[in-house]
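Source file: input22.csv (CSV, C-alpha atoms)
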chain,number,residue,atom,x,y,z
A,165,MET,CA,-25.1,5.1,-23.6
A,166,ALA,CA,-23.4,1.7,-23.4
A,167,LEU,CA,-19.7,1.8,-22.5
A,168,PRO,CA,-17.3,-0.3,-24.6
A,169,ALA,CA,-15.8,-3.2,-22.5
A,170,SER,CA,-12.3,-1.8,-23.1
A,171,THR,CA,-13.3,1.5,-21.4
A,172,ALA,CA,-15.4,0.0,-18.6
A,173,ASN,CA,-12.6,-2.4,-17.7
A,174,TRP,CA,-9.9,0.4,-17.6
A,175,HIS,CA,-10.5,0.6,-13.9
A,176,TRP,CA,-8.7,1.0,-10.6
A,177,ARG,CA,-10.6,-0.7,-7.8
A,178,SER,CA,-10.2,-3.5,-5.2
A,179,LYS,CA,-12.1,-5.7,-2.8
A,180,ASP,CA,-11.0,-6.9,0.6
A,181,VAL,CA,-11.3,-10.7,0.7
A,182,THR,CA,-9.3,-11.3,3.9
A,183,LYS,CA,-12.2,-13.1,5.7
A,184,TRP,CA,-12.9,-15.3,2.6
A,185,ALA,CA,-9.1,-16.1,2.4
A,186,LYS,CA,-9.0,-17.4,5.9
A,187,ASP,CA,-12.1,-19.5,5.4
A,188,TRP,CA,-10.7,-20.9,2.2
A,189,LEU,CA,-7.4,-21.8,3.8
A,190,ARG,CA,-9.2,-23.4,6.7
A,191,SER,CA,-11.4,-25.5,4.3
A,192,GLN,CA,-8.4,-26.6,2.3
A,193,SER,CA,-6.1,-27.6,5.1
A,194,THR,CA,-8.2,-28.9,8.1
A,195,ASP,CA,-7.5,-32.6,8.6
A,196,ALA,CA,-5.6,-32.8,5.3
A,197,VAL,CA,-3.1,-35.6,5.2
A,198,ILE,CA,0.5,-34.6,4.7
A,199,PHE,CA,1.7,-38.1,4.1
A,200,SER,CA,0.8,-41.7,5.1
A,201,GLU,CA,3.1,-44.7,4.7
A,202,GLY,CA,2.3,-47.8,6.6
A,203,SER,CA,1.9,-47.0,10.3
A,204,THR,CA,3.7,-43.7,9.9
A,205,ASN,CA,1.6,-40.7,9.0
A,206,ALA,CA,1.1,-37.0,9.6
A,207,LYS,CA,-1.8,-34.6,9.0
A,208,ILE,CA,-2.8,-31.0,9.5
A,209,GLY,CA,-5.1,-30.5,12.5
A,210,SER,CA,-6.6,-27.0,12.3
A,211,LEU,CA,-5.8,-23.4,11.3
A,212,LYS,CA,-4.6,-21.8,14.5
A,213,SER,CA,-4.0,-18.3,13.2
A,214,CYS,CA,-4.0,-16.3,10.0
A,215,ASP,CA,-2.9,-12.7,10.1
A,216,GLY,CA,-2.5,-10.3,7.2
A,217,ASP,CA,-4.6,-9.0,4.3
A,218,ALA,CA,-5.9,-10.3,1.0
A,219,GLU,CA,-7.6,-8.4,-1.8
A,220,VAL,CA,-8.6,-8.7,-5.4
A,221,GLY,CA,-7.9,-5.7,-7.6
A,222,MET,CA,-8.2,-4.4,-11.1
A,223,ARG,CA,-5.8,-2.2,-12.8
A,224,LYS,CA,-5.4,-1.4,-16.6
A,225,SER,CA,-8.0,-4.0,-17.4
A,226,LYS,CA,-6.1,-6.7,-15.6
A,227,LEU,CA,-7.3,-8.6,-12.5
A,228,LEU,CA,-4.7,-8.9,-9.8
A,229,THR,CA,-4.4,-10.8,-6.5
A,230,ILE,CA,-2.7,-9.0,-3.6
A,231,TYR,CA,-2.1,-10.8,-0.3
A,232,ASP,CA,0.4,-11.1,2.5
A,233,LEU,CA,-0.5,-13.7,5.1
A,234,ASN,CA,1.2,-15.1,8.2
A,235,ILE,CA,-0.3,-18.6,8.8
A,236,GLU,CA,0.0,-21.2,11.5
A,237,TRP,CA,-1.5,-24.7,11.7
A,238,SER,CA,-1.5,-27.5,14.3
A,239,TRP,CA,-0.4,-30.9,13.1
A,240,SER,CA,-0.1,-34.4,14.5
A,241,GLY,CA,1.4,-37.7,13.4
A,242,THR,CA,2.3,-41.2,14.4
A,243,ALA,CA,6.0,-42.2,14.4
A,244,SER,CA,7.2,-45.6,13.3
A,245,ASP,CA,7.4,-46.7,17.0
A,246,GLY,CA,3.8,-45.7,17.6
A,247,THR,CA,4.6,-42.4,19.4
A,248,LEU,CA,2.0,-39.7,18.9
A,249,VAL,CA,3.7,-36.4,17.9
A,250,GLU,CA,2.0,-33.0,17.9
A,251,GLY,CA,3.3,-29.6,17.0
A,252,THR,CA,2.8,-26.5,14.8
A,253,ILE,CA,3.6,-25.6,11.2
A,254,ALA,CA,4.0,-22.0,10.2
A,255,ILE,CA,4.4,-20.0,6.9
A,256,PRO,CA,5.7,-16.7,8.1
A,257,GLU,CA,5.0,-15.0,4.8
A,258,MET,CA,2.7,-16.2,2.0
A,259,SER,CA,2.4,-13.4,-0.5
A,260,HIS,CA,1.6,-12.6,-4.1
A,261,ASP,CA,5.3,-11.9,-4.5
A,262,THR,CA,6.8,-15.2,-3.1
A,263,GLY,CA,3.8,-17.5,-3.4
A,264,VAL,CA,4.1,-21.0,-1.8
A,265,ASP,CA,6.7,-23.3,-3.0
A,266,GLY,CA,9.6,-25.5,-1.8
A,267,ASP,CA,11.6,-22.5,-0.8
A,268,GLY,CA,9.1,-21.5,1.8
A,269,ASP,CA,10.1,-21.1,5.5
A,270,TYR,CA,8.3,-24.0,7.1
A,271,GLU,CA,9.0,-24.6,10.8
A,272,ALA,CA,7.8,-27.6,12.9
A,273,TRP,CA,8.5,-28.3,16.6
A,274,SER,CA,8.0,-31.7,18.3
A,275,GLY,CA,9.6,-33.9,21.0
A,276,PRO,CA,13.1,-35.2,20.4
A,277,ALA,CA,11.7,-38.8,20.2
A,278,ALA,CA,10.0,-38.0,16.9
A,279,ASN,CA,12.9,-36.4,15.0
A,280,ALA,CA,12.6,-38.9,12.1
A,281,LEU,CA,8.9,-38.0,11.7
A,282,GLN,CA,9.6,-34.3,12.0
A,283,GLN,CA,12.2,-34.5,9.2
A,284,ARG,CA,9.8,-36.5,7.0
A,285,VAL,CA,7.1,-33.8,7.6
A,286,ARG,CA,9.6,-31.1,6.6
A,287,LYS,CA,10.4,-33.0,3.4
A,288,GLU,CA,6.8,-33.4,2.4
A,289,LEU,CA,5.6,-29.9,3.3
A,290,PRO,CA,6.7,-28.1,0.1
A,291,LYS,CA,4.7,-30.4,-2.2
A,292,PHE,CA,1.8,-30.6,0.2
A,293,PHE,CA,1.4,-26.8,0.3
A,294,LYS,CA,2.0,-26.4,-3.4
A,295,ASP,CA,-0.9,-28.9,-4.0
A,296,LYS,CA,-3.2,-27.4,-1.4
A,297,LEU,CA,-2.4,-23.7,-1.5
A,298,GLY,CA,-1.2,-23.3,-5.1
A,299,PRO,CA,-4.8,-22.8,-6.4
A,300,PHE,CA,-5.3,-19.9,-3.9
A,301,PRO,CA,-4.8,-17.0,-6.4
A,302,LYS,CA,-7.0,-18.6,-9.0
A,303,ALA,CA,-9.7,-19.3,-6.5
A,304,MET,CA,-9.6,-15.6,-5.4
A,305,LEU,CA,-10.1,-14.4,-9.0
A,306,GLU,CA,-12.8,-17.0,-9.8
A,307,THR,CA,-14.8,-16.1,-6.7
A,308,HIS,CA,-14.3,-12.3,-6.5
A,309,GLY,CA,-13.0,-11.2,-9.8
A,310,LYS,CA,-16.5,-10.3,-11.1
A,311,ASP,CA,-17.0,-8.0,-8.1
A,312,VAL,CA,-14.2,-5.6,-9.2
A,313,THR,CA,-15.0,-5.8,-12.9
A,314,PRO,CA,-17.3,-2.9,-13.9
A,315,SER,CA,-20.5,-3.9,-15.5
A,316,VAL,CA,-21.1,-2.5,-19.0
A,317,SER,CA,-24.2,-0.3,-18.9
A,318,GLY,CA,-26.9,-0.4,-21.6
A,319,THR,CA,-28.7,-3.3,-23.3
A,320,ALA,CA,-27.0,-5.2,-26.1
A,321,THR,CA,-28.8,-5.5,-29.5
A,322,PRO,CA,-29.9,-9.1,-30.1
A,323,VAL,CA,-28.0,-10.9,-32.8
A,324,GLY,CA,-29.8,-10.6,-36.2
A,325,ALA,CA,-32.2,-7.8,-35.0
A,326,ALA,CA,-32.7,-5.0,-37.5
A,327,PRO,CA,-32.0,-1.4,-36.5
A,328,ALA,CA,-35.1,0.6,-35.6
A,329,ALA,CA,-36.3,2.9,-38.3
A,330,ILE,CA,-36.1,6.7,-37.6
A,331,SER,CA,-37.8,9.6,-39.3
A,332,PRO,CA,-36.0,12.2,-41.4
A,333,ALA,CA,-36.5,14.8,-38.6
A,334,GLU,CA,-34.8,12.5,-36.1
A,335,ALA,CA,-32.0,11.8,-38.5
A,336,ALA,CA,-31.4,15.5,-39.1
A,337,ALA,CA,-31.4,16.1,-35.3
A,338,LYS,CA,-28.7,13.5,-34.8
A,339,LEU,CA,-26.6,15.1,-37.5
A,340,ALA,CA,-27.1,18.7,-36.2
A,341,PRO,CA,-24.0,20.2,-34.6
A,342,VAL,CA,-23.9,20.6,-30.9
A,343,LYS,CA,-24.1,24.3,-30.1
A,344,GLY,CA,-23.0,24.2,-26.5
A,345,LYS,CA,-22.7,22.1,-23.4
A,346,ALA,CA,-24.9,22.2,-20.3
A,347,PRO,CA,-23.2,23.6,-17.3
A,348,ALA,CA,-21.4,21.0,-15.2
A,349,LYS,CA,-23.3,19.7,-12.2
A,350,ALA,CA,-21.9,20.5,-8.7
A,351,ILE,CA,-20.1,17.5,-7.2
A,352,ASN,CA,-20.3,16.7,-3.5
A,353,THR,CA,-16.9,15.7,-2.3
A,354,SER,CA,-15.0,14.8,0.9
A,355,THR,CA,-11.4,14.2,2.1
A,356,VAL,CA,-9.9,10.8,2.5
A,357,THR,CA,-6.9,10.4,4.8
A,358,VAL,CA,-4.6,7.4,5.0
A,359,GLU,CA,-1.7,7.4,7.5
A,360,THR,CA,1.2,4.9,7.7
A,361,THR,CA,4.6,4.7,9.3
A,362,LEU,CA,7.6,3.4,7.4
A,363,ALA,CA,11.0,2.4,8.5
A,364,ALA,CA,12.7,4.7,6.0
A,365,SER,CA,13.9,8.3,5.8
A,366,ALA,CA,11.6,11.1,4.5
A,367,GLY,CA,14.1,11.7,1.7
A,368,ASP,CA,13.9,8.2,0.4
A,369,ILE,CA,10.1,8.2,0.5
A,370,PHE,CA,10.0,11.6,-1.2
A,371,GLU,CA,12.1,10.1,-4.1
A,372,LEU,CA,9.9,7.0,-4.3
A,373,LEU,CA,6.8,9.3,-4.8
A,374,THR,CA,8.4,11.7,-7.3
A,375,ASP,CA,11.2,10.0,-9.3
A,376,GLU,CA,9.6,8.2,-12.3
A,377,ARG,CA,12.2,5.4,-12.2
A,378,LYS,CA,11.5,4.7,-8.6
A,379,ILE,CA,7.7,5.1,-8.9
A,380,SER,CA,7.7,2.2,-11.4
A,381,LEU,CA,9.4,-0.1,-8.9
A,382,TRP,CA,6.5,0.1,-6.3
A,383,SER,CA,3.6,0.7,-8.7
A,384,ARG,CA,4.7,-2.0,-11.2
A,385,ALA,CA,3.5,0.0,-14.1
A,386,ALA,CA,4.7,2.8,-16.4
A,387,ALA,CA,5.2,6.2,-14.8
A,388,LYS,CA,6.1,9.7,-16.0
A,389,SER,CA,7.2,12.3,-13.5
A,390,THR,CA,9.1,15.6,-13.6
A,391,PRO,CA,9.0,16.8,-10.0
A,392,THR,CA,8.7,20.5,-10.5
A,393,PRO,CA,5.6,22.8,-9.9
A,394,ASP,CA,3.1,22.9,-12.8
A,395,SER,CA,4.7,19.8,-14.4
A,396,GLU,CA,2.5,16.8,-15.3
A,397,TYR,CA,2.8,13.3,-13.9
A,398,SER,CA,1.1,10.0,-14.5
A,399,ILE,CA,1.4,6.7,-12.6
A,400,PHE,CA,-0.1,3.2,-12.8
A,401,GLY,CA,0.1,3.3,-16.6
A,402,GLY,CA,-1.8,6.6,-16.8
A,403,ASN,CA,-4.7,5.6,-14.6
A,404,ILE,CA,-3.7,8.3,-12.1
A,405,HIS,CA,-2.5,11.6,-13.5
A,406,GLY,CA,-2.3,15.3,-12.7
A,407,LYS,CA,0.1,18.2,-12.1
A,408,TYR,CA,2.5,19.0,-9.3
A,409,VAL,CA,1.4,22.1,-7.4
A,410,ASN,CA,4.1,22.4,-4.7
A,411,LEU,CA,7.1,20.3,-3.7
A,412,ASP,CA,8.9,20.9,-0.4
A,413,LYS,CA,11.6,18.3,-0.3
A,414,PRO,CA,11.6,16.1,1.8
A,415,SER,CA,8.5,16.9,3.8
A,416,LYS,CA,5.6,17.7,1.6
A,417,ILE,CA,4.1,17.1,-1.9
A,418,VAL,CA,1.0,18.8,-3.2
A,419,GLN,CA,-0.4,17.6,-6.6
A,420,THR,CA,-3.7,17.5,-8.5
A,421,TRP,CA,-5.0,13.9,-8.7
A,422,HIS,CA,-7.4,12.6,-11.4
A,423,LEU,CA,-8.5,9.0,-11.7
A,424,LYS,CA,-9.1,7.4,-15.1
A,425,ASN,CA,-12.2,5.6,-14.2
A,426,PRO,CA,-15.8,5.5,-15.6
A,427,SER,CA,-17.1,6.3,-12.1
A,428,TRP,CA,-14.9,9.3,-11.6
A,429,PRO,CA,-16.5,12.6,-12.9
A,430,ASP,CA,-15.0,14.0,-16.1
A,431,ASN,CA,-12.8,17.1,-15.8
A,432,HIS,CA,-12.8,16.7,-12.0
A,433,SER,CA,-9.5,16.6,-10.1
A,434,ALA,CA,-8.9,16.1,-6.4
A,435,THR,CA,-5.8,17.4,-4.6
A,436,LEU,CA,-3.4,15.0,-2.9
A,437,THR,CA,-1.3,16.4,-0.1
A,438,THR,CA,1.4,14.0,1.1
A,439,THR,CA,3.1,15.0,4.3
A,440,LEU,CA,6.3,13.2,5.4
A,441,ASP,CA,7.2,13.7,9.1
A,442,GLN,CA,10.8,12.5,9.7
A,443,GLY,CA,11.1,10.7,13.1
A,444,SER,CA,14.1,9.4,15.0
A,445,ASP,CA,14.0,6.0,13.2
A,446,SER,CA,11.0,6.1,10.9
A,447,THR,CA,8.8,8.5,8.8
A,448,ARG,CA,5.1,9.1,9.3
A,449,VAL,CA,3.4,9.4,5.9
A,450,VAL,CA,0.0,11.0,5.6
A,451,PHE,CA,-1.9,10.9,2.3
A,452,ALA,CA,-4.8,13.5,2.4
A,453,LEU,CA,-6.9,13.4,-0.8
A,454,ASP,CA,-9.3,16.3,-0.9
A,455,GLY,CA,-12.1,16.3,-3.5
A,456,VAL,CA,-13.1,12.6,-3.5
A,457,PRO,CA,-16.7,12.3,-4.9
A,458,SER,CA,-19.2,11.3,-2.3
A,459,GLY,CA,-19.8,7.6,-2.2
A,460,GLN,CA,-16.3,6.6,-3.4
A,461,GLU,CA,-14.5,7.2,-0.1
A,462,ASP,CA,-14.1,3.6,1.0
A,463,GLU,CA,-13.0,2.5,-2.4
A,464,ILE,CA,-10.4,5.2,-2.7
A,465,ARG,CA,-9.1,4.6,0.8
A,466,GLY,CA,-8.7,0.9,0.1
A,467,ASN,CA,-6.9,1.7,-3.1
A,468,ILE,CA,-4.4,4.1,-1.5
A,469,ASN,CA,-3.7,1.4,1.1
A,470,GLY,CA,-3.6,-1.4,-1.5
A,471,TYR,CA,-1.5,0.3,-4.2
A,472,TYR,CA,0.6,3.0,-2.5
A,473,VAL,CA,1.3,1.6,1.0
A,474,ARG,CA,1.4,-2.1,0.0
A,475,GLY,CA,3.5,-1.1,-3.0
A,476,PHE,CA,6.2,0.2,-0.7
A,477,GLN,CA,5.9,-2.9,1.4
A,478,SER,CA,6.4,-5.1,-1.7
A,479,MET,CA,9.8,-3.4,-2.2
A,480,GLY,CA,10.8,-4.5,1.3
A,481,TYR,CA,10.0,-1.3,3.3
A,482,VAL,CA,8.8,-2.2,6.7
A,483,ILE,CA,5.4,-0.8,7.8
A,484,LEU,CA,5.4,0.0,11.5
A,485,GLU,CA,2.5,0.6,13.9
A,486,ASN,CA,1.5,4.3,13.8
A,487,ASP,CA,1.8,4.6,17.6
A,488,SER,CA,5.5,3.5,17.4
A,489,PHE,CA,6.5,6.8,15.7
A,490,ARG,CA,9.0,8.8,17.7
A,491,PRO,CA,9.5,12.4,16.5
A,492,LEU,CA,13.0,13.9,16.4
A,493,PRO,CA,14.1,15.4,19.7
A,494,SER,CA,13.8,19.2,20.0
A,495,PRO,CA,17.0,21.2,20.4
A,496,GLN,CA,18.3,21.4,24.0
A,497,HIS,CA,18.2,25.2,24.2
A,498,HIS,CA,16.4,28.0,22.3
A,499,ALA,CA,17.4,31.7,22.7
A,500,THR,CA,14.7,33.7,24.5
A,501,THR,CA,13.3,36.9,23.1
A,502,THR,CA,15.2,38.9,25.8
A,503,GLU,CA,18.5,37.2,24.9
A,504,LEU,CA,17.9,37.9,21.2
A,505,ALA,CA,17.0,41.5,21.8
A,506,LYS,CA,20.0,42.3,24.1
A,507,PRO,CA,22.4,44.6,22.2
A,508,SER,CA,26.1,43.8,22.0
A,509,PRO,CA,28.5,46.2,23.9
A,510,SER,CA,29.6,49.2,21.7
A,511,ILE,CA,33.2,50.2,20.9
A,512,ALA,CA,32.8,53.3,23.1
A,513,THR,CA,31.9,51.0,26.0
A,514,TYR,CA,35.1,49.0,25.5
A,515,LEU,CA,37.3,52.2,25.3
A,516,PHE,CA,35.7,53.6,28.5
A,517,VAL,CA,36.4,50.4,30.4
A,518,ALA,CA,40.0,50.2,29.1
A,519,SER,CA,40.7,53.8,30.2
A,520,LEU,CA,39.2,53.2,33.6
A,521,VAL,CA,41.5,50.2,34.1
A,522,VAL,CA,44.6,52.2,33.1
A,523,SER,CA,43.6,55.0,35.5
A,524,VAL,CA,43.3,52.5,38.4
A,525,VAL,CA,46.7,51.0,37.6
A,526,VAL,CA,48.4,54.4,37.4
A,527,ALA,CA,46.8,55.5,40.7
A,528,THR,CA,47.9,52.3,42.4
A,529,PHE,CA,51.5,51.9,41.2
A,530,GLY,CA,52.3,55.5,40.0

Rewritten as C-alpha cells:
Amino acid sequence: MALPASTANWHWRSKDVTKWAKDWLRSQSTDAVIFSEGSTNAKIGSLKSCDGDAEVGMRKSKLLTIYDLNIEWSWSGTASDGTLVEGTIAIPEMSHDTGVDGDGDYEAWSGPAANALQQRVRKELPKFFKDKLGPFPKAMLETHGKDVTPSVSGTATPVGAAPAAISPAEAAAKLAPVKGKAPAKAINTSTVTVETTLAASAGDIFELLTDERKISLWSRAAAKSTPTPDSEYSIFGGNIHGKYVNLDKPSKIVQTWHLKNPSWPDNHSATLTTTLDQGSDSTRVVFALDGVPSGQEDEIRGNINGYYVRGFQSMGYVILENDSFRPLPSPQHHATTTELAKPSPSIATYLFVASLVVSVVVATFG
C-alpha cells in the first residue's frame, strides 16, 4: 500500500556528510582570491585542517543541516612594497547556529612588515567567506537531502487512467468487516549505547531530559513531560514518545521509547535507560536503548548523537573526551564490620568502674 507523502516524510533520520563537507570547503576555497588591487593581492592557499562534524537530517517533514566545524587555511599575499606575506586564517567555529558572517572570529598571522596587508585581509574576510561559504547549507541539502527523505512506496496511477474493473465478489470482499488481526510477528532487536561526558552537573542534565520547558530548548521542538512514573512524555514534536518507568533523580531515568517513523514497527516500544554518573567536574551520560529493531542500529545511534548530544552542545554545554571523566573521590574511611558490630559499654559496666575507682581512693587516702 502506498504511503501518503505527508506520512512518509514524518521521519527522524540523518546522514553523516562530514567527508563531503571537507571536500566541498576545499573545492570552494583553494586558490580563491580574497582581493586584488593593483600590485597588492591576497588569496587562500589550501585547506590545512577541518575538524568537526556535519550531517543532514529530517525531522517533522523538515530537512535540517547540522554542522560544527573548526577550519584553518593557509593564505599568501603581496604587499604594496612587493613583500611576499604568508600566514594562516582560521574560523574556530562555523556552525548551523552561528553560520559565517562578518562577526566571525577570523585570525591571521604574518610578519610585522606586512601589517597593512594583514589589516586589509581582515577587512575583506567577512565578505569573502559569506560569498564562498554562505551557500554551504543549501549545497548540503541539494546534494544529500534526498538521501534522508523516505521514498513513497507503491506505484502511482497514471494521469487519466481509468480505475480497473472489479467483480461483485471482490467488491463484497473489500466491504466485508475485518474479523480479526493476524498475530504480530516477532521482531529481532538489539541494544544501542551512546556515551558522552558533559561539563555539567548530573542534576542539571536530569532537568534537561525531564523538564518539558528545558527539553524544548535543546530539542528545538514542542515537548510534553511530567516526570513521574507511568506518566506520558513526547519530544521532538511527538516524533518520540512513551512513558516514564522509573526516575531516580539525579542519577537514572528509565522510559519506554517509541519512534514515530514508517520504518519503526507499529505497537513496538524500546526501553531507554539514561544513567548520569556525577564526577568531580563533569558528568558521564550513558544512553542505553534496548529494543532497537535489527538493521536500524547505526541510524538510531547517529540520531541520538545528532539530536540529543549535539542538542546539549547547541545550548553551550561543553562535550569532553570520555577518558577525561574523573569520578568523585571515595570517603577517606569506612567503618569495618568489626567496628560496626562492637557493642557500646552498658550502664552496669560504668557503675562497676566507678565503684572500683571509689574503693581505690578510699583505700589510699582513708

What's the 7 Å shell around A:Lys179, counting only C-alpha atoms, without same-chain residues fewer than 6 positions away, as a PDB file with C-alpha atoms, in the coordinates of the input?
ATOM      1  CA  GLU A 219      -7.600  -8.400  -1.800  1.00  0.00           C
ATOM      2  CA  VAL A 220      -8.600  -8.700  -5.400  1.00  0.00           C
ATOM      3  CA  GLY A 221      -7.900  -5.700  -7.600  1.00  0.00           C
ATOM      4  CA  VAL A 312     -14.200  -5.600  -9.200  1.00  0.00           C
TER       5      VAL A 312
END

task: Identify which of the residues A:Gly455, A:Gln460, A:Thr447, A:Leu423 lies closest to A:Ala350, counting all atoms listed in the file when measuring atom-to-atom distances.
output: A:Gly455

message: For a test of reading the model, state the distance in Å between atom CA of A:Ser380 and atom CA of A:Glu463, rounded to one decimal.
response: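 One can read the atom CA of A:Ser380 to atom CA of A:Glu463 distance as 22.6 Å.
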
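Taking atom CA of A:Gly401 and atom CA of A:Asp441 as the two end points, the separation is 28.6 Å.
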
- prompt: So how many Å separate atom CA of A:Lys226 and atom CA of A:Thr313, to one decimal?
  reply: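 Calculated distance between atom CA of A:Lys226 and atom CA of A:Thr313 is 9.3 Å.
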
- request: Would you mind listing what lies within 12 Å of A:Leu372 as a count of residues only, with all atoms listed in the file counted and same-chain residues fewer than 2 positions away left out?
  value: 29

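Around A:Trp237, within 8 Å and counting all atoms listed in the file, the residues found are Ile208, Gly209, Ser210, Leu211, Lys212, Ser213, Thr252, Ile253 and Ala254 of chain A, once anything fewer than 6 positions away on its own chain is removed.
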
query: Nearest to A:Thr439 among A:Leu373, A:Ala386, A:Ala280, A:Val482, with distances taken over only C-alpha atoms: which residue is it?
result: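 Once distances to A:Thr439 are computed over only C-alpha atoms, the minimum belongs to A:Leu373.
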
query: Which residue, A:Thr357, A:Ser244, A:Asn234, A:Ser259, has the smallest gap to A:Phe451 when you use all atoms listed in the file?
result: A:Thr357

- request: Show which residues sit within 10 Å of A:Asp394, as a ChimeraX atom specification. Count only C-alpha atoms, and ignore same-chain residues fewer than 6 positions away.
  value: /A:406-410,419-420

task: Go through A:Ala243, A:Ala206, A:Thr437, A:Asp217 one by one, measure the shortest atom-to-atom distance of each to A:Val356 using all atoms listed in the file, and give the residue with the smallest value.
output: A:Thr437

task: Taking (4.2, -32.8, 13.1) in the file's own coordinates, collect the residues within 7 Å, counting only C-alpha atoms, and hand them back as a PyMOL selection string.
output: chain A and resi 206+239-241+249-252+272+274+282+285

Which residue of A:Ala218, A:Ala434, A:Ala196, A:Ala363 approaches A:Gly466 most closely, using all atoms listed in the file: A:Ala218

- request: Have a look at A:Ser354, A:Ser200, A:Thr392, A:Ser478 and name the one nearest to A:Asp412; count only C-alpha atoms.
  value: A:Thr392

Name all residues at most 12 Å from A:Leu189 (count all atoms listed in the file; drop same-chain ones fewer than 3 positions away) and give them as a PDB file with C-alpha atoms, in the frame of the given file.
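Written out: part_22.pdb:
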ATOM      1  CA  THR A 182      -9.300 -11.300   3.900  1.00  0.00           C
ATOM      2  CA  LYS A 183     -12.200 -13.100   5.700  1.00  0.00           C
ATOM      3  CA  TRP A 184     -12.900 -15.300   2.600  1.00  0.00           C
ATOM      4  CA  ALA A 185      -9.100 -16.100   2.400  1.00  0.00           C
ATOM      5  CA  LYS A 186      -9.000 -17.400   5.900  1.00  0.00           C
ATOM      6  CA  GLN A 192      -8.400 -26.600   2.300  1.00  0.00           C
ATOM      7  CA  SER A 193      -6.100 -27.600   5.100  1.00  0.00           C
ATOM      8  CA  THR A 194      -8.200 -28.900   8.100  1.00  0.00           C
ATOM      9  CA  ASP A 195      -7.500 -32.600   8.600  1.00  0.00           C
ATOM     10  CA  ALA A 196      -5.600 -32.800   5.300  1.00  0.00           C
ATOM     11  CA  ILE A 208      -2.800 -31.000   9.500  1.00  0.00           C
ATOM     12  CA  SER A 210      -6.600 -27.000  12.300  1.00  0.00           C
ATOM     13  CA  LEU A 211      -5.800 -23.400  11.300  1.00  0.00           C
ATOM     14  CA  LYS A 212      -4.600 -21.800  14.500  1.00  0.00           C
ATOM     15  CA  SER A 213      -4.000 -18.300  13.200  1.00  0.00           C
ATOM     16  CA  CYS A 214      -4.000 -16.300  10.000  1.00  0.00           C
ATOM     17  CA  ASP A 215      -2.900 -12.700  10.100  1.00  0.00           C
ATOM     18  CA  ALA A 218      -5.900 -10.300   1.000  1.00  0.00           C
ATOM     19  CA  LEU A 233      -0.500 -13.700   5.100  1.00  0.00           C
ATOM     20  CA  ASN A 234       1.200 -15.100   8.200  1.00  0.00           C
ATOM     21  CA  ILE A 235      -0.300 -18.600   8.800  1.00  0.00           C
ATOM     22  CA  GLU A 236       0.000 -21.200  11.500  1.00  0.00           C
ATOM     23  CA  TRP A 237      -1.500 -24.700  11.700  1.00  0.00           C
ATOM     24  CA  MET A 258       2.700 -16.200   2.000  1.00  0.00           C
ATOM     25  CA  PHE A 293       1.400 -26.800   0.300  1.00  0.00           C
ATOM     26  CA  LYS A 296      -3.200 -27.400  -1.400  1.00  0.00           C
ATOM     27  CA  LEU A 297      -2.400 -23.700  -1.500  1.00  0.00           C
ATOM     28  CA  GLY A 298      -1.200 -23.300  -5.100  1.00  0.00           C
ATOM     29  CA  PRO A 299      -4.800 -22.800  -6.400  1.00  0.00           C
ATOM     30  CA  PHE A 300      -5.300 -19.900  -3.900  1.00  0.00           C
ATOM     31  CA  PRO A 301      -4.800 -17.000  -6.400  1.00  0.00           C
ATOM     32  CA  ALA A 303      -9.700 -19.300  -6.500  1.00  0.00           C
ATOM     33  CA  MET A 304      -9.600 -15.600  -5.400  1.00  0.00           C
TER      34      MET A 304
END
